[in-house]
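Raw input_38.cif, mmCIF, C-alpha atoms:
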```cif
data_work
loop_
_atom_site.label_atom_id
_atom_site.label_comp_id
_atom_site.auth_asym_id
_atom_site.auth_seq_id
_atom_site.Cartn_x
_atom_site.Cartn_y
_atom_site.Cartn_z
CA MET A 1 72.10 58.60 13.46
CA LYS A 2 74.66 55.95 12.86
CA ASN A 3 72.63 52.84 13.74
CA GLN A 4 69.60 53.68 11.73
CA ILE A 5 68.32 50.76 9.72
CA ASN A 6 68.14 51.53 6.08
CA ARG A 7 67.56 49.48 2.98
CA ARG A 8 71.27 49.20 2.15
CA SER A 9 72.38 47.83 5.52
CA SER A 10 69.46 45.42 5.92
CA LEU A 11 70.02 44.02 2.41
CA LEU A 12 73.69 43.56 3.21
CA ARG A 13 72.84 41.73 6.43
CA MET A 14 70.33 39.45 4.74
CA GLY A 15 72.83 38.64 1.98
CA GLY A 16 75.48 37.85 4.55
CA ALA A 17 73.16 35.51 6.47
CA LEU A 18 72.17 33.72 3.26
CA ALA A 19 75.79 33.27 2.23
CA GLY A 20 76.59 31.94 5.70
CA LEU A 21 73.74 29.42 5.55
CA LEU A 22 74.77 28.27 2.09
CA THR A 23 78.40 27.69 3.10
CA LEU A 24 77.22 25.88 6.22
CA SER A 25 75.05 23.45 4.24
CA ALA A 26 77.82 23.02 1.66
CA ALA A 27 80.25 22.26 4.47
CA LYS A 28 77.81 19.76 5.91
CA THR A 29 77.42 17.87 2.63
CA ALA A 30 81.19 17.97 2.13
CA LYS A 31 81.72 16.58 5.62
CA ALA A 32 79.19 13.82 5.00
CA ALA A 33 80.93 12.98 1.72
CA VAL A 34 84.29 12.73 3.47
CA GLN A 35 82.90 10.57 6.22
CA THR A 36 81.02 8.03 4.07
CA VAL A 37 84.42 6.34 3.95
CA PHE A 38 83.99 5.49 7.60
CA VAL A 39 80.36 4.40 7.59
CA SER A 40 79.96 0.72 8.32
CA THR A 41 77.71 -1.61 6.38
CA SER A 42 76.10 -4.88 7.37
CA ALA A 43 77.13 -5.93 10.85
CA PRO A 44 75.54 -8.55 13.08
CA LYS A 45 72.86 -6.92 15.19
CA GLY A 46 72.45 -7.22 18.88
CA TYR A 47 76.09 -7.61 19.82
CA ASP A 48 77.25 -5.35 22.62
CA PRO A 49 81.04 -5.39 23.03
CA THR A 50 80.84 -4.03 26.55
CA LYS A 51 78.94 -7.12 27.77
CA HIS A 52 81.59 -9.73 26.96
CA LYS A 53 85.15 -10.56 27.90
CA TRP A 54 86.60 -13.26 25.68
CA LEU A 55 89.42 -15.55 26.56
CA MET A 56 91.13 -18.56 25.06
CA CYS A 57 92.52 -21.50 26.98
CA ILE A 58 94.93 -24.01 25.50
CA ASP A 59 95.40 -27.44 26.99
CA ASP A 60 98.81 -28.34 25.68
CA ASN A 61 98.47 -31.98 26.75
CA LYS A 62 95.88 -32.33 24.02
CA CYS A 63 97.54 -30.67 21.03
CA ILE A 64 98.39 -33.34 18.46
CA GLY A 65 100.01 -31.01 15.96
CA CYS A 66 97.69 -31.81 13.05
CA GLY A 67 97.70 -28.21 11.84
CA LEU A 68 93.94 -28.14 11.22
CA CYS A 69 93.59 -24.98 13.30
CA ALA A 70 96.21 -23.06 11.34
CA GLU A 71 94.68 -24.25 8.08
CA ALA A 72 91.13 -23.38 9.14
CA CYS A 73 92.28 -19.95 10.28
CA LYS A 74 93.76 -19.24 6.87
CA LYS A 75 90.56 -20.31 5.11
CA GLU A 76 88.26 -18.47 7.49
CA ASN A 77 90.14 -15.20 7.37
CA GLY A 78 91.40 -15.21 3.80
CA VAL A 79 95.02 -15.07 4.88
CA PRO A 80 97.26 -15.01 1.78
CA GLU A 81 99.31 -18.00 0.70
CA GLY A 82 102.81 -18.18 2.06
CA PRO A 83 104.39 -17.69 5.44
CA TYR A 84 101.54 -15.66 6.91
CA PHE A 85 99.68 -17.03 9.91
CA ARG A 86 97.25 -15.66 12.43
CA THR A 87 97.64 -18.84 14.41
CA TRP A 88 100.27 -21.52 14.01
CA ILE A 89 101.75 -24.58 15.69
CA GLU A 90 105.28 -24.81 16.99
CA ARG A 91 107.15 -28.01 17.73
CA TYR A 92 109.55 -28.04 20.64
CA ILE A 93 112.19 -30.74 20.88
CA ILE A 94 114.06 -30.89 24.16
CA PRO A 95 117.26 -32.95 23.78
CA LYS A 96 118.83 -34.89 26.61
CA PRO A 97 121.74 -33.07 28.26
CA LYS A 98 125.26 -33.89 27.12
CA PRO A 99 126.74 -36.45 29.49
CA GLY A 100 128.94 -34.78 32.08
CA SER A 101 127.78 -31.27 31.20
CA GLY A 102 125.93 -30.89 34.48
CA GLU A 103 122.88 -29.47 32.71
CA THR A 104 119.42 -30.76 33.41
CA ARG A 105 118.41 -30.75 29.73
CA GLY A 106 119.68 -29.71 26.35
CA GLU A 107 118.80 -26.57 24.47
CA ALA A 108 115.31 -26.63 22.94
CA ILE A 109 114.95 -26.90 19.18
CA VAL A 110 111.88 -25.04 17.92
CA ASP A 111 110.42 -25.23 14.45
CA SER A 112 107.15 -24.46 12.73
CA PRO A 113 107.38 -25.40 9.04
CA ASN A 114 104.53 -23.76 7.13
CA GLY A 115 102.91 -22.89 10.44
CA GLY A 116 102.23 -26.56 11.06
CA ILE A 117 100.02 -26.97 7.99
CA PRO A 118 100.94 -30.11 6.01
CA LYS A 119 102.07 -29.21 2.51
CA GLY A 120 100.85 -32.04 0.31
CA GLY A 121 102.35 -34.68 2.59
CA VAL A 122 100.97 -36.12 5.76
CA SER A 123 102.66 -33.94 8.35
CA ALA A 124 104.26 -30.52 8.22
CA PHE A 125 106.84 -31.58 10.74
CA PRO A 126 109.72 -33.66 9.35
CA GLU A 127 111.43 -36.35 11.38
CA PRO A 128 113.68 -34.65 13.94
CA THR A 129 117.32 -34.54 12.93
CA LEU A 130 118.32 -35.80 16.37
CA PRO A 131 118.24 -39.57 16.88
CA LYS A 132 115.37 -40.76 19.04
CA ASP A 133 117.50 -41.78 22.01
CA GLN A 134 118.90 -38.25 22.33
CA ILE A 135 115.49 -36.62 22.65
CA GLU A 136 114.16 -36.17 26.15
CA HIS A 137 110.74 -35.15 24.98
CA ALA A 138 108.96 -33.26 22.27
CA PHE A 139 105.61 -31.51 22.09
CA PHE A 140 103.48 -29.10 20.08
CA VAL A 141 102.34 -25.64 21.13
CA PRO A 142 99.59 -23.71 19.33
CA LYS A 143 100.27 -19.99 19.20
CA LEU A 144 98.06 -17.01 18.51
CA CYS A 145 97.46 -13.44 19.61
CA ASN A 146 97.68 -13.48 23.39
CA LEU A 147 94.84 -10.97 23.91
CA CYS A 148 96.90 -8.83 26.24
CA GLU A 149 95.23 -6.67 28.81
CA ASN A 150 98.11 -4.21 28.24
CA PRO A 151 98.89 -4.76 24.55
CA PRO A 152 102.26 -3.31 23.50
CA CYS A 153 101.11 -3.31 19.88
CA VAL A 154 98.34 -0.83 20.67
CA GLN A 155 100.68 1.54 22.47
CA VAL A 156 102.99 1.93 19.48
CA CYS A 157 100.36 2.46 16.76
CA PRO A 158 100.84 6.05 15.57
CA VAL A 159 97.39 6.40 14.00
CA GLY A 160 95.07 4.65 16.43
CA ALA A 161 94.38 1.85 13.95
CA THR A 162 94.84 -0.98 16.40
CA PHE A 163 93.02 -1.10 19.66
CA LYS A 164 91.71 -3.27 22.43
CA ALA A 165 87.95 -3.56 22.10
CA PRO A 166 85.87 -3.50 25.30
CA ASP A 167 85.32 -7.26 24.92
CA GLY A 168 89.08 -7.90 25.11
CA ALA A 169 89.74 -8.61 21.44
CA VAL A 170 92.74 -6.73 20.08
CA LEU A 171 91.67 -5.64 16.60
CA ILE A 172 92.98 -3.71 13.62
CA ASP A 173 90.99 -1.09 11.74
CA PRO A 174 92.13 -1.79 8.16
CA LYS A 175 90.87 1.58 6.94
CA TYR A 176 93.10 3.39 9.39
CA CYS A 177 96.20 1.20 9.27
CA ILE A 178 99.05 2.80 7.34
CA GLY A 179 101.21 -0.34 7.29
CA CYS A 180 104.15 1.08 9.23
CA ALA A 181 104.64 -2.29 10.98
CA PHE A 182 105.53 -0.75 14.35
CA CYS A 183 103.03 -3.13 15.92
CA VAL A 184 104.62 -6.12 14.17
CA GLN A 185 107.85 -5.31 15.97
CA ALA A 186 106.19 -4.45 19.25
CA CYS A 187 104.29 -7.72 19.67
CA PRO A 188 106.40 -9.90 21.98
CA TYR A 189 104.58 -13.01 20.76
CA GLY A 190 105.17 -12.51 17.05
CA ALA A 191 101.45 -12.64 16.42
CA ARG A 192 101.35 -9.90 13.76
CA PHE A 193 102.44 -9.60 10.16
CA LEU A 194 101.99 -7.27 7.21
CA ASN A 195 99.49 -8.62 4.73
CA PRO A 196 101.28 -8.63 1.36
CA VAL A 197 98.03 -7.92 -0.51
CA THR A 198 96.45 -5.15 1.53
CA LYS A 199 99.77 -3.89 2.95
CA THR A 200 98.15 -3.46 6.34
CA ALA A 201 98.97 -5.17 9.60
CA GLU A 202 97.04 -8.33 10.36
CA LYS A 203 96.58 -10.62 13.34
CA CYS A 204 94.22 -13.02 15.02
CA SER A 205 90.93 -11.20 15.52
CA LEU A 206 89.49 -14.08 17.57
CA CYS A 207 87.32 -14.56 14.45
CA TYR A 208 85.44 -11.44 15.45
CA HIS A 209 82.89 -11.98 12.69
CA ARG A 210 82.13 -15.41 14.18
CA ILE A 211 82.09 -14.69 17.90
CA THR A 212 79.72 -11.76 17.35
CA ARG A 213 77.33 -14.28 15.71
CA ASN A 214 77.53 -16.77 18.60
CA LEU A 215 79.90 -19.07 16.72
CA LYS A 216 83.23 -20.31 17.98
CA PRO A 217 86.45 -19.08 16.34
CA ALA A 218 87.40 -21.29 13.38
CA CYS A 219 90.42 -22.82 15.13
CA VAL A 220 88.35 -23.79 18.15
CA GLU A 221 85.57 -25.15 15.94
CA ILE A 222 87.94 -27.33 13.95
CA CYS A 223 90.37 -28.57 16.64
CA PRO A 224 89.87 -32.36 16.77
CA ALA A 225 91.39 -32.76 20.23
CA GLU A 226 89.63 -29.93 22.07
CA ALA A 227 93.00 -28.44 22.83
CA ARG A 228 91.55 -24.97 22.39
CA ILE A 229 88.80 -23.80 24.68
CA PHE A 230 87.06 -20.53 24.07
CA GLY A 231 84.74 -18.68 26.37
CA ASP A 232 83.29 -15.52 27.76
CA LEU A 233 84.47 -14.50 31.22
CA ASN A 234 81.47 -12.24 31.73
CA ASN A 235 78.92 -14.95 30.97
CA LEU A 236 80.25 -18.10 32.59
CA HIS A 237 77.65 -20.76 33.24
CA ALA A 238 77.94 -23.67 35.65
CA ASP A 239 79.30 -26.34 33.28
CA ASP A 240 81.25 -23.94 31.12
CA PRO A 241 84.30 -25.58 29.52
CA ILE A 242 86.36 -22.62 30.74
CA GLN A 243 85.31 -23.30 34.30
CA LYS A 244 86.21 -26.98 33.95
CA PHE A 245 89.54 -26.03 32.47
CA TYR A 246 90.31 -23.84 35.48
CA GLU A 247 89.33 -26.53 37.93
CA LYS A 248 91.31 -29.27 36.23
CA ASN A 249 94.52 -27.49 35.33
CA ARG A 250 97.22 -25.28 36.65
CA VAL A 251 97.53 -22.51 34.11
CA GLN A 252 100.14 -20.03 33.01
CA VAL A 253 100.62 -17.36 30.38
CA LEU A 254 103.46 -16.69 27.97
CA LYS A 255 106.14 -14.17 29.01
CA PRO A 256 104.46 -13.08 32.24
CA HIS A 257 107.48 -10.91 33.14
CA LEU A 258 106.51 -8.43 30.41
CA GLY A 259 103.38 -7.39 32.28
CA THR A 260 101.19 -7.72 29.21
CA GLU A 261 98.69 -9.82 31.15
CA PRO A 262 97.59 -12.13 28.33
CA ARG A 263 94.14 -13.64 28.28
CA VAL A 264 95.35 -16.76 26.47
CA LEU A 265 95.96 -19.29 29.22
CA TYR A 266 98.06 -22.39 28.72
CA ALA A 267 97.91 -25.59 30.71
CA ALA A 268 100.77 -28.09 30.81
CA LEU A 269 103.31 -25.76 29.29
CA ASP A 270 107.04 -26.40 29.42
CA LYS A 271 109.33 -23.68 30.73
CA GLU A 272 111.08 -23.51 27.37
CA VAL A 273 107.98 -22.14 25.66
CA ARG A 274 108.17 -18.42 25.14
CA MET B 275 85.73 49.39 24.71
CA LEU B 276 89.36 48.90 25.68
CA PRO B 277 90.90 51.65 27.78
CA PHE B 278 93.91 51.66 25.44
CA LYS B 279 94.34 51.23 21.76
CA LEU B 280 95.60 47.76 20.74
CA PRO B 281 98.67 48.18 18.53
CA PRO B 282 97.80 46.97 15.02
CA GLN B 283 100.64 44.42 14.85
CA ILE B 284 99.36 42.72 18.02
CA LEU B 285 95.82 42.72 16.67
CA ARG B 286 97.02 41.08 13.46
CA LEU B 287 98.94 38.48 15.45
CA VAL B 288 95.87 37.65 17.51
CA LEU B 289 93.75 37.35 14.37
CA VAL B 290 96.28 35.07 12.66
CA ALA B 291 96.51 32.89 15.78
CA MET B 292 92.73 32.64 15.92
CA ALA B 293 92.59 31.73 12.22
CA ILE B 294 95.13 28.95 12.71
CA VAL B 295 93.33 27.50 15.71
CA GLY B 296 90.00 27.88 13.91
CA SER B 297 91.21 26.10 10.78
CA TYR B 298 92.48 23.28 13.00
CA PHE B 299 89.03 22.79 14.48
CA VAL B 300 87.40 22.95 11.03
CA ALA B 301 89.83 20.37 9.66
CA ARG B 302 89.30 18.21 12.74
CA SER B 303 85.54 18.22 12.38
CA PHE B 304 85.96 17.14 8.77
CA LEU B 305 88.52 14.43 9.24
CA VAL B 306 87.67 12.74 12.53
CA PRO B 307 85.19 9.91 11.90
CA PRO B 308 81.91 10.22 13.80
CA SER B 309 82.43 7.09 15.90
CA PHE B 310 85.96 8.00 17.00
CA GLY B 311 86.04 7.91 20.78
CA GLN B 312 82.87 5.82 21.12
CA TYR B 313 84.76 3.15 23.11
CA GLY B 314 88.22 4.66 23.26
CA TRP B 315 90.94 6.22 21.21
CA TYR B 316 89.85 4.54 17.98
CA ARG B 317 86.99 4.32 15.51
CA GLY B 318 84.05 2.62 17.21
CA ALA B 319 82.46 1.67 13.88
CA ALA B 320 85.51 -0.46 13.08
CA LEU B 321 84.18 -3.13 15.43
CA ALA B 322 81.00 -3.55 13.42
CA GLU B 323 82.97 -3.47 10.18
CA ILE B 324 85.32 -6.22 11.31
CA ALA B 325 82.33 -8.22 12.50
CA SER B 326 80.44 -7.77 9.22
CA ARG B 327 82.46 -10.36 7.29
CA GLU B 328 80.57 -13.57 6.52
CA PRO B 329 81.77 -16.68 8.39
CA VAL B 330 83.31 -19.42 6.23
CA PHE B 331 83.01 -22.53 8.40
CA ALA B 332 79.41 -23.47 9.12
CA GLY B 333 80.06 -25.25 12.41
CA LYS B 334 78.94 -28.54 13.89
CA GLN B 335 75.54 -27.15 14.92
CA SER B 336 74.47 -26.56 11.34
CA CYS B 337 75.50 -30.12 10.37
CA ASP B 338 73.31 -31.34 13.21
CA GLU B 339 70.24 -29.90 11.49
CA CYS B 340 70.21 -32.69 8.87
CA HIS B 341 72.83 -35.23 9.91
CA SER B 342 71.93 -35.66 13.56
CA ASP B 343 72.02 -39.48 13.13
CA ILE B 344 75.71 -39.40 12.22
CA LEU B 345 76.48 -36.85 14.90
CA HIS B 346 74.70 -39.08 17.40
CA LYS B 347 76.92 -42.00 16.44
CA LEU B 348 79.97 -39.77 16.54
CA ALA B 349 79.19 -38.48 20.01
CA LYS B 350 79.26 -42.00 21.45
CA ASP B 351 82.70 -42.91 20.23
CA ALA B 352 86.31 -41.82 20.45
CA HIS B 353 85.95 -39.28 17.67
CA LYS B 354 83.34 -37.27 19.56
CA THR B 355 85.55 -34.21 19.76
CA LEU B 356 86.08 -34.02 16.00
CA SER B 357 84.45 -31.30 13.98
CA CYS B 358 82.66 -32.35 10.78
CA GLU B 359 84.43 -29.76 8.68
CA GLY B 360 87.84 -30.94 9.86
CA CYS B 361 87.62 -33.92 7.48
CA HIS B 362 84.76 -32.96 5.15
CA GLY B 363 86.06 -29.47 4.43
CA VAL B 364 84.26 -26.14 4.48
CA SER B 365 80.59 -27.02 4.06
CA ARG B 366 78.73 -23.73 4.29
CA GLU B 367 77.59 -24.00 0.67
CA HIS B 368 76.48 -27.57 1.20
CA GLY B 369 74.39 -26.38 4.12
CA ASN B 370 72.65 -23.77 1.99
CA ASN B 371 72.22 -26.11 -0.97
CA PRO B 372 72.47 -29.87 -0.28
CA ASP B 373 73.19 -30.55 -3.97
CA ILE B 374 76.64 -29.03 -3.60
CA LEU B 375 78.56 -31.87 -2.01
CA PRO B 376 81.38 -31.24 0.43
CA VAL B 377 84.90 -32.40 -0.39
CA LYS B 378 85.29 -36.18 -0.19
CA SER B 379 87.44 -37.03 2.78
CA THR B 380 90.22 -39.54 2.22
CA GLY B 381 92.73 -41.56 4.20
CA SER B 382 95.07 -38.57 4.33
CA HIS B 383 92.67 -37.11 6.87
CA CYS B 384 93.21 -40.14 9.13
CA ILE B 385 96.98 -40.13 9.01
CA ARG B 386 97.13 -36.39 9.42
CA CYS B 387 96.47 -37.03 13.10
CA HIS B 388 97.37 -40.70 13.54
CA GLU B 389 100.76 -40.93 11.84
CA ALA B 390 103.30 -41.62 14.59
CA ASN B 391 105.20 -38.55 15.67
CA LEU B 392 107.50 -38.08 18.63
CA ALA B 393 105.93 -34.78 19.57
CA ARG B 394 102.40 -36.22 19.65
CA PRO B 395 100.96 -36.93 23.09
CA THR B 396 100.93 -40.61 24.01
CA TRP B 397 97.16 -40.74 24.68
CA LEU B 398 96.61 -40.47 20.93
CA LYS B 399 96.51 -43.73 18.96
CA GLN B 400 99.34 -43.59 16.46
CA ILE B 401 100.55 -45.83 13.66
CA VAL B 402 103.61 -45.96 11.47
CA VAL B 403 101.81 -45.87 8.15
CA LYS B 404 104.33 -47.87 6.13
CA ASP B 405 104.32 -50.69 8.71
CA HIS B 406 100.53 -50.67 9.12
CA TYR B 407 98.31 -52.99 7.14
CA GLY B 408 96.18 -51.90 4.29
CA PRO B 409 95.75 -49.57 1.40
CA LYS B 410 92.52 -48.09 2.74
CA CYS B 411 91.74 -47.08 6.34
CA THR B 412 87.99 -47.58 5.95
CA GLU B 413 88.46 -51.29 5.17
CA CYS B 414 88.93 -51.91 8.88
CA HIS B 415 87.93 -48.67 10.63
CA LEU B 416 84.73 -46.65 10.62
CA PRO B 417 85.66 -42.96 10.74
CA HIS B 418 82.51 -42.02 12.63
CA GLN B 419 82.83 -44.96 15.05
CA PRO B 420 86.56 -45.65 15.24
CA THR B 421 86.29 -48.39 17.88
CA LYS B 422 83.95 -50.42 15.65
CA SER B 423 84.77 -52.34 12.47
CA PRO B 424 82.60 -52.43 9.38
#
```

In structure tokens, how does this file's structure come out?
Amino acid sequence: MKNQINRRSSLLRMGGALAGLLTLSAAKTAKAAVQTVFVSTSAPKGYDPTKHKWLMCIDDNKCIGCGLCAEACKKENGVPEGPYFRTWIERYIIPKPKPGSGETRGEAIVDSPNGGIPKGGVSAFPEPTLPKDQIEHAFFVPKLCNLCENPPCVQVCPVGATFKAPDGAVLIDPKYCIGCAFCVQACPYGARFLNPVTKTAEKCSLCYHRITRNLKPACVEICPAEARIFGDLNNLHADDPIQKFYEKNRVQVLKPHLGTEPRVLYAALDKEVR
Amino acid sequence: MLPFKLPPQILRLVLVAMAIVGSYFVARSFLVPPSFGQYGWYRGAALAEIASREPVFAGKQSCDECHSDILHKLAKDAHKTLSCEGCHGVSREHGNNPDILPVKSTGSHCIRCHEANLARPTWLKQIVVKDHYGPKCTECHLPHQPTKSP
């Protein structure tokens, strides 16, 4: 009678079951302890990322190069002092062609001192070194994350720390980012940098903490010329500024040949702008 | 059970392989955050975490709660597109407690946009500051109603 139940075997079985239960509960508490790192705290309620699709439009006829957007962005997002910008303004100077060269225009000179934020003085942009009569025209271009539909920065992240949210914002999970800077190199628009304080990658988040609270991004809020227009493709209403922008302008994106399909649309852009 | 006896070295190999695969799944269940894969190949809770930061700029709407008279004037004139906090600075604290005054705006805010610059669009009124009259912009121009004089 091999399978007969006796006191010894039943005690052994009960002990085994108890030990199993204990280790299971211990494992559960241990797992919970490990994962408290990932538990989120106070977030705005009632925001569903799957119900929105954000986009930014930039009317380059309107940009006056005051640098308020870049400055507001730094304040809003706590970007460290120094050459670190989530959004910035570039100045393009197109010189006249050299006489007899057969070119239609000279080579563009691009600068963005301090991201376009005035440092103490009135304007960040110094007088161009070229004399006035040699300049064909000059203009400002605000730059930011281009909200790619196919973001190259997300493809290269080795740890899944950067991602495209369902609402179109390309975001960085600072708890996951290891600061390898692959994404900084991958971004064709130069929109990313390594934060010198946190040592993690950083970029325009479309002011995610603002747009989830029904506020405009700081740069859009502060722009005095309405050069930046922000909207939600999934919830367009009749007199939406986005709609007006589409009707009034012919738009283009930066570096369309890369197939990134940006959702930052520019109107009145020169071909020199990359 | 089996019609043949499993050689002990094979049995050991199978057990070791199972232990390795098993430990992988145990480690995975410990280390993968609960919201991973909620929206895609990333931590879904990160969205809420990024959104949880407090906004800094209060926005024009909150200024409108008390200063609707000024905003009304502003909306009728050339400066209608300007945001309050562009010149008056971050005013969230002022909104919560009116005793905390926002930064006093000065003439540097005017010339920040209106100083002549080649790259500025021509629709914008521009001046060469050193050739322009006056030590103080507000002597002749009202910032909230730029087409009117005081």

If we count all atoms listed in the file, what is near segment 143-154 of chain A at a cut-off of 8 Å, once residues fewer than 4 positions away on the same chain are taken out, given as a ChimeraX atom specification?
-> /A:55,86-90,160,162-164,168-170,182-184,186-189,191-192,203-204,259-264

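Distance-wise, atom CA of Asp111 of chain A and atom CA of Phe125 of chain A end up 8.2 Å apart.
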
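When the PyMOL selection byres ((chain A) within 6 of (chain B)) is evaluated against the file, it yields Lys31, Ser40, Ser42, Ala43, Ile64, Cys66, Glu76, Val122, Ala138, Phe139, Gly160, Asp173, Tyr208, His209, Arg210, Ile222 and Pro224 of chain A.
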
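Going from atom CA of Cys207 of chain A over to atom CA of Leu171 of chain A, you cover 10.2 Å.
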
Asn114 of chain A surroundings by all atoms listed in the file, 8 Å radius, close-in-sequence under 3 positions cut, as an mmCIF file with C-alpha atoms, in the frame of the given file:
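Just written: around28.cif:
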```cif
data_model
loop_
_atom_site.group_PDB
_atom_site.id
_atom_site.type_symbol
_atom_site.label_atom_id
_atom_site.label_comp_id
_atom_site.auth_asym_id
_atom_site.auth_seq_id
_atom_site.Cartn_x
_atom_site.Cartn_y
_atom_site.Cartn_z
ATOM 1 C CA GLY A 82 102.810 -18.180 2.060
ATOM 2 C CA PRO A 83 104.390 -17.690 5.440
ATOM 3 C CA ILE A 117 100.020 -26.970 7.990
ATOM 4 C CA PRO A 118 100.940 -30.110 6.010
ATOM 5 C CA LYS A 119 102.070 -29.210 2.510
ATOM 6 C CA ALA A 124 104.260 -30.520 8.220
#
```

Between atom CA of Arg105 of chain A and atom CA of Ala268 of chain A - distance in Å to one decimal = 17.9 Å

Phe230 of chain A surroundings by all atoms listed in the file, 12 Å radius, close-in-sequence under 5 positions cut, as a list in words =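 The neighbour list is Lys53, Trp54, Leu55, Met56, Cys57, Ile58, Asp59, Leu206, Cys207, Ile211, Asn214, Leu215, Lys216, Pro217, Ala218, Cys219, Val220, Glu221, Cys223, Leu236, Asp240, Pro241, Ile242, Gln243, Lys244, Phe245, Arg263, Val264 and Leu265 of chain A.
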
Tell me, as a list of chain:residue names, which residues lie within 7 Å of Pro49 of chain A, counting all atoms listed in the file; anything in the same chain fewer than 3 positions away does not count.
-> A:His52, A:Pro166, A:Asp167
